[in-house]
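Working notes for the structure below.
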Amino acid sequence: MLLEHGVTIPDAKGDWIWPGNQEDNPSPYPVPFADLTGATFAVDADYLYVRLTVDGVYPRAEAELPWYGEDQINKLNVNICLDTDNNKNTGSLADNGSEVMLAADMMTTPLCGWEDVYDFWYGPTGVDFPETQRYEHTFNRNLVVAAWGGAGFDYRVIVFPAGLLGTRPGQTIAVNGWDECASLQYPERHATFDVLGPGGMNSRVVIQLPN
């Protein structure tokens, strides 16, 4: 599906940015696996397929997490927001009008240690903060259909249920995505940050999902 019916949003290498918050790292760390190089989308009647590529290999274990001076990266979050009606005045305004947020994270879990974690949130509530209240349906990890790549690779392919996300072939949507890492010194903020596509923090890329 992705090879034959995918549409790709490319992203430049080495384009980490400071999001602008005083609590964030003013000199974002050049974390290779937190440097998006592209996102490809395809959809059929049942599933939304997403492929994310980065300029590095995702760590296979905590021992591979990079150090920058006395600070170490300890978590990765990738968020891809879909404005499925292509109207930034509806949906979650804090997420640029999105109706859906897709998540592809890496973190330490109590049972499995360092691992890939996939999720999606949908049903915007109109609430901006806290972030966990922006969508009515949150933490749907058990509904993610399948995933490949991740730890030990430079890509991730995730399959989501298209019906719950409100996506369909031929649909015009807007995409707002970013890649962020936490660290020992920035546990709740951004040690590094990369936006998908052009336009910096306000990047919003309109695409048509292929038929």
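Each chain in the structure tokens gets a letter, A, B, ..., in the order shown, and its residues are numbered from 1; ligands are numbered from 1 in order too.
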
Backbone-only DSSP, strand (DSSP E or B) members of region 5-77 of chain A, as a PyMOL selection string: chain A and resi 7-10+36-43+47-54+67-68+71-77

Store the residues of this selection in a file with N, CA and C atoms, as an mmCIF file, in the first residue's frame.
data_model
loop_
_atom_site.group_PDB
_atom_site.id
_atom_site.type_symbol
_atom_site.label_atom_id
_atom_site.label_comp_id
_atom_site.auth_asym_id
_atom_site.auth_seq_id
_atom_site.Cartn_x
_atom_site.Cartn_y
_atom_site.Cartn_z
ATOM 1 N N VAL A 7 1.427 8.689 -0.234
ATOM 2 C CA VAL A 7 1.811 10.082 -0.474
ATOM 3 C C VAL A 7 2.761 10.473 0.650
ATOM 4 N N THR A 8 3.883 11.107 0.294
ATOM 5 C CA THR A 8 4.950 11.365 1.250
ATOM 6 C C THR A 8 5.125 12.853 1.519
ATOM 7 N N ILE A 9 5.297 13.179 2.798
ATOM 8 C CA ILE A 9 5.711 14.516 3.212
ATOM 9 C C ILE A 9 7.192 14.426 3.550
ATOM 10 N N PRO A 10 8.084 15.041 2.754
ATOM 11 C CA PRO A 10 9.509 14.979 3.066
ATOM 12 C C PRO A 10 9.885 15.995 4.137
ATOM 13 N N LEU A 36 13.278 13.564 11.878
ATOM 14 C CA LEU A 36 12.391 13.021 10.850
ATOM 15 C C LEU A 36 12.906 13.375 9.459
ATOM 16 N N THR A 37 12.840 12.420 8.546
ATOM 17 C CA THR A 37 13.178 12.684 7.150
ATOM 18 C C THR A 37 11.970 12.528 6.234
ATOM 19 N N GLY A 38 10.878 11.994 6.751
ATOM 20 C CA GLY A 38 9.679 11.892 5.941
ATOM 21 C C GLY A 38 8.582 11.092 6.607
ATOM 22 N N ALA A 39 7.359 11.296 6.127
ATOM 23 C CA ALA A 39 6.198 10.524 6.578
ATOM 24 C C ALA A 39 5.351 10.202 5.359
ATOM 25 N N THR A 40 5.010 8.927 5.192
ATOM 26 C CA THR A 40 4.215 8.470 4.055
ATOM 27 C C THR A 40 2.892 7.919 4.556
ATOM 28 N N PHE A 41 1.814 8.265 3.837
ATOM 29 C CA PHE A 41 0.472 7.862 4.241
ATOM 30 C C PHE A 41 -0.224 7.141 3.085
ATOM 31 N N ALA A 42 -0.960 6.076 3.427
ATOM 32 C CA ALA A 42 -1.818 5.380 2.471
ATOM 33 C C ALA A 42 -3.040 4.881 3.233
ATOM 34 N N VAL A 43 -4.131 4.686 2.533
ATOM 35 C CA VAL A 43 -5.366 4.263 3.202
ATOM 36 C C VAL A 43 -6.189 3.398 2.253
ATOM 37 N N TYR A 47 -7.895 0.344 6.685
ATOM 38 C CA TYR A 47 -6.725 0.724 7.456
ATOM 39 C C TYR A 47 -6.047 1.989 6.928
ATOM 40 N N LEU A 48 -5.451 2.726 7.854
ATOM 41 C CA LEU A 48 -4.543 3.821 7.530
ATOM 42 C C LEU A 48 -3.130 3.319 7.787
ATOM 43 N N TYR A 49 -2.267 3.436 6.779
ATOM 44 C CA TYR A 49 -0.881 2.988 6.873
ATOM 45 C C TYR A 49 0.017 4.216 6.971
ATOM 46 N N VAL A 50 0.937 4.213 7.926
ATOM 47 C CA VAL A 50 1.853 5.342 8.114
ATOM 48 C C VAL A 50 3.276 4.808 8.198
ATOM 49 N N ARG A 51 4.159 5.389 7.411
ATOM 50 C CA ARG A 51 5.579 5.051 7.483
ATOM 51 C C ARG A 51 6.354 6.307 7.868
ATOM 52 N N LEU A 52 7.130 6.224 8.941
ATOM 53 C CA LEU A 52 7.979 7.311 9.400
ATOM 54 C C LEU A 52 9.433 6.924 9.181
ATOM 55 N N THR A 53 10.228 7.836 8.631
ATOM 56 C CA THR A 53 11.656 7.585 8.452
ATOM 57 C C THR A 53 12.450 8.658 9.187
ATOM 58 N N VAL A 54 13.619 8.264 9.700
ATOM 59 C CA VAL A 54 14.464 9.188 10.460
ATOM 60 C C VAL A 54 15.908 9.067 9.987
ATOM 61 N N TRP A 67 24.324 10.277 25.003
ATOM 62 C CA TRP A 67 24.649 11.288 26.002
ATOM 63 C C TRP A 67 25.092 12.560 25.291
ATOM 64 N N TYR A 68 24.730 13.706 25.861
ATOM 65 C CA TYR A 68 25.199 15.012 25.418
ATOM 66 C C TYR A 68 25.741 15.724 26.644
ATOM 67 N N ASP A 71 24.079 15.022 30.134
ATOM 68 C CA ASP A 71 22.645 14.785 29.947
ATOM 69 C C ASP A 71 22.441 13.613 28.991
ATOM 70 N N GLN A 72 21.440 12.781 29.291
ATOM 71 C CA GLN A 72 21.157 11.623 28.447
ATOM 72 C C GLN A 72 19.700 11.630 27.994
ATOM 73 N N ILE A 73 19.489 11.338 26.717
ATOM 74 C CA ILE A 73 18.142 11.164 26.183
ATOM 75 C C ILE A 73 17.518 9.927 26.828
ATOM 76 N N ASN A 74 16.246 10.032 27.251
ATOM 77 C CA ASN A 74 15.610 8.864 27.883
ATOM 78 C C ASN A 74 14.183 8.598 27.413
ATOM 79 N N LYS A 75 13.703 9.371 26.421
ATOM 80 C CA LYS A 75 12.348 9.126 25.921
ATOM 81 C C LYS A 75 12.179 9.807 24.571
ATOM 82 N N LEU A 76 11.410 9.165 23.695
ATOM 83 C CA LEU A 76 11.095 9.726 22.380
ATOM 84 C C LEU A 76 9.584 9.744 22.196
ATOM 85 N N ASN A 77 9.074 10.860 21.680
ATOM 86 C CA ASN A 77 7.665 10.960 21.307
ATOM 87 C C ASN A 77 7.562 11.475 19.878
#

10 Å contact set for Asp95 (chain A), only C-alpha atoms, chain neighbours under 5 positions out, as JSON, numbers by chain: {"A": [80, 81, 82, 83, 88, 100, 101, 124, 128, 131, 134, 175, 176, 177, 202]}

Per-residue DSSP, region 44-173 of chain A, filtered to helix (DSSP H, G or I), as a PyMOL selection string: chain A and resi 62-64+93-95+131-133+141-143+162-165

Distance query region 160-165 of chain A at most 12 Å, only C-alpha atoms, self and fewer than 2 positions along chain excluded, as JSON, numbers by chain: {"A": [41, 42, 43, 44, 45, 46, 47, 48, 49, 50, 51, 81, 82, 83, 84, 85, 98, 99, 100, 101, 102, 103, 104, 118, 119, 120, 121, 122, 123, 124, 137, 140, 141, 142, 143, 144, 145, 146, 147, 157, 158, 167, 168, 169, 171, 173, 209]}

Take the selection from the previous step and output its residues with C-alpha atoms, as a PDB file, in the first residue's frame.
ATOM      1  CA  PHE A  41       0.472   7.862   4.241  1.00  0.00           C
ATOM      2  CA  ALA A  42      -1.818   5.380   2.471  1.00  0.00           C
ATOM      3  CA  VAL A  43      -5.366   4.263   3.202  1.00  0.00           C
ATOM      4  CA  ASP A  44      -7.886   1.682   2.082  1.00  0.00           C
ATOM      5  CA  ALA A  45     -11.388   0.825   3.240  1.00  0.00           C
ATOM      6  CA  ASP A  46     -10.122  -0.655   6.495  1.00  0.00           C
ATOM      7  CA  TYR A  47      -6.725   0.724   7.456  1.00  0.00           C
ATOM      8  CA  LEU A  48      -4.543   3.821   7.530  1.00  0.00           C
ATOM      9  CA  TYR A  49      -0.881   2.988   6.873  1.00  0.00           C
ATOM     10  CA  VAL A  50       1.853   5.342   8.114  1.00  0.00           C
ATOM     11  CA  ARG A  51       5.579   5.051   7.483  1.00  0.00           C
ATOM     12  CA  CYS A  81      -1.907  15.142  14.034  1.00  0.00           C
ATOM     13  CA  LEU A  82      -4.470  14.725  11.272  1.00  0.00           C
ATOM     14  CA  ASP A  83      -6.961  17.459  10.455  1.00  0.00           C
ATOM     15  CA  THR A  84      -9.331  15.103   8.683  1.00  0.00           C
ATOM     16  CA  ASP A  85     -11.773  17.819   7.527  1.00  0.00           C
ATOM     17  CA  SER A  98      -6.793  18.137  14.227  1.00  0.00           C
ATOM     18  CA  GLU A  99      -9.408  15.469  14.797  1.00  0.00           C
ATOM     19  CA  VAL A 100      -6.847  12.711  15.388  1.00  0.00           C
ATOM     20  CA  MET A 101      -3.414  12.392  17.001  1.00  0.00           C
ATOM     21  CA  LEU A 102      -1.225   9.404  16.140  1.00  0.00           C
ATOM     22  CA  ALA A 103       1.618   8.544  18.522  1.00  0.00           C
ATOM     23  CA  ALA A 104       4.781   6.518  17.920  1.00  0.00           C
ATOM     24  CA  TYR A 118       2.048   3.024  19.528  1.00  0.00           C
ATOM     25  CA  ASP A 119      -1.225   4.785  20.246  1.00  0.00           C
ATOM     26  CA  PHE A 120      -3.861   7.123  18.809  1.00  0.00           C
ATOM     27  CA  TRP A 121      -6.308   9.640  20.245  1.00  0.00           C
ATOM     28  CA  TYR A 122      -9.468  10.884  18.542  1.00  0.00           C
ATOM     29  CA  GLY A 123     -12.651  12.870  19.190  1.00  0.00           C
ATOM     30  CA  PRO A 124     -11.541  16.454  19.974  1.00  0.00           C
ATOM     31  CA  HIS A 137     -10.895   8.762  23.240  1.00  0.00           C
ATOM     32  CA  ASN A 140      -6.057   3.187  22.388  1.00  0.00           C
ATOM     33  CA  ARG A 141      -2.855   1.125  22.165  1.00  0.00           C
ATOM     34  CA  ASN A 142      -4.778  -2.124  21.994  1.00  0.00           C
ATOM     35  CA  LEU A 143      -6.563  -0.919  18.832  1.00  0.00           C
ATOM     36  CA  VAL A 144      -3.389  -0.328  16.805  1.00  0.00           C
ATOM     37  CA  VAL A 145      -3.517  -3.046  14.134  1.00  0.00           C
ATOM     38  CA  ALA A 146       0.178  -3.727  13.473  1.00  0.00           C
ATOM     39  CA  ALA A 147       3.658  -2.191  13.451  1.00  0.00           C
ATOM     40  CA  VAL A 157       5.418   1.397   9.788  1.00  0.00           C
ATOM     41  CA  ILE A 158       2.179   1.545  11.781  1.00  0.00           C
ATOM     42  CA  THR A 167      -9.876   8.541   7.048  1.00  0.00           C
ATOM     43  CA  ARG A 168     -10.748   7.235   3.580  1.00  0.00           C
ATOM     44  CA  PRO A 169      -9.253   7.013   0.074  1.00  0.00           C
ATOM     45  CA  GLN A 171      -9.727  12.400   1.257  1.00  0.00           C
ATOM     46  CA  ILE A 173      -6.422  16.220   5.049  1.00  0.00           C
ATOM     47  CA  LEU A 209      -4.843  10.417   0.496  1.00  0.00           C
TER      48      LEU A 209
END

Surrounding residues of Asp15 (chain A) excluding itself and chain neighbours under 3 positions, 10 Å, only C-alpha atoms, as a count of residues only: 14

Selected residue of minimal separation from Ala94 (chain A) among A:Glu4, A:His190, A:Thr172, A:Met201, counting only C-alpha atoms: A:Met201
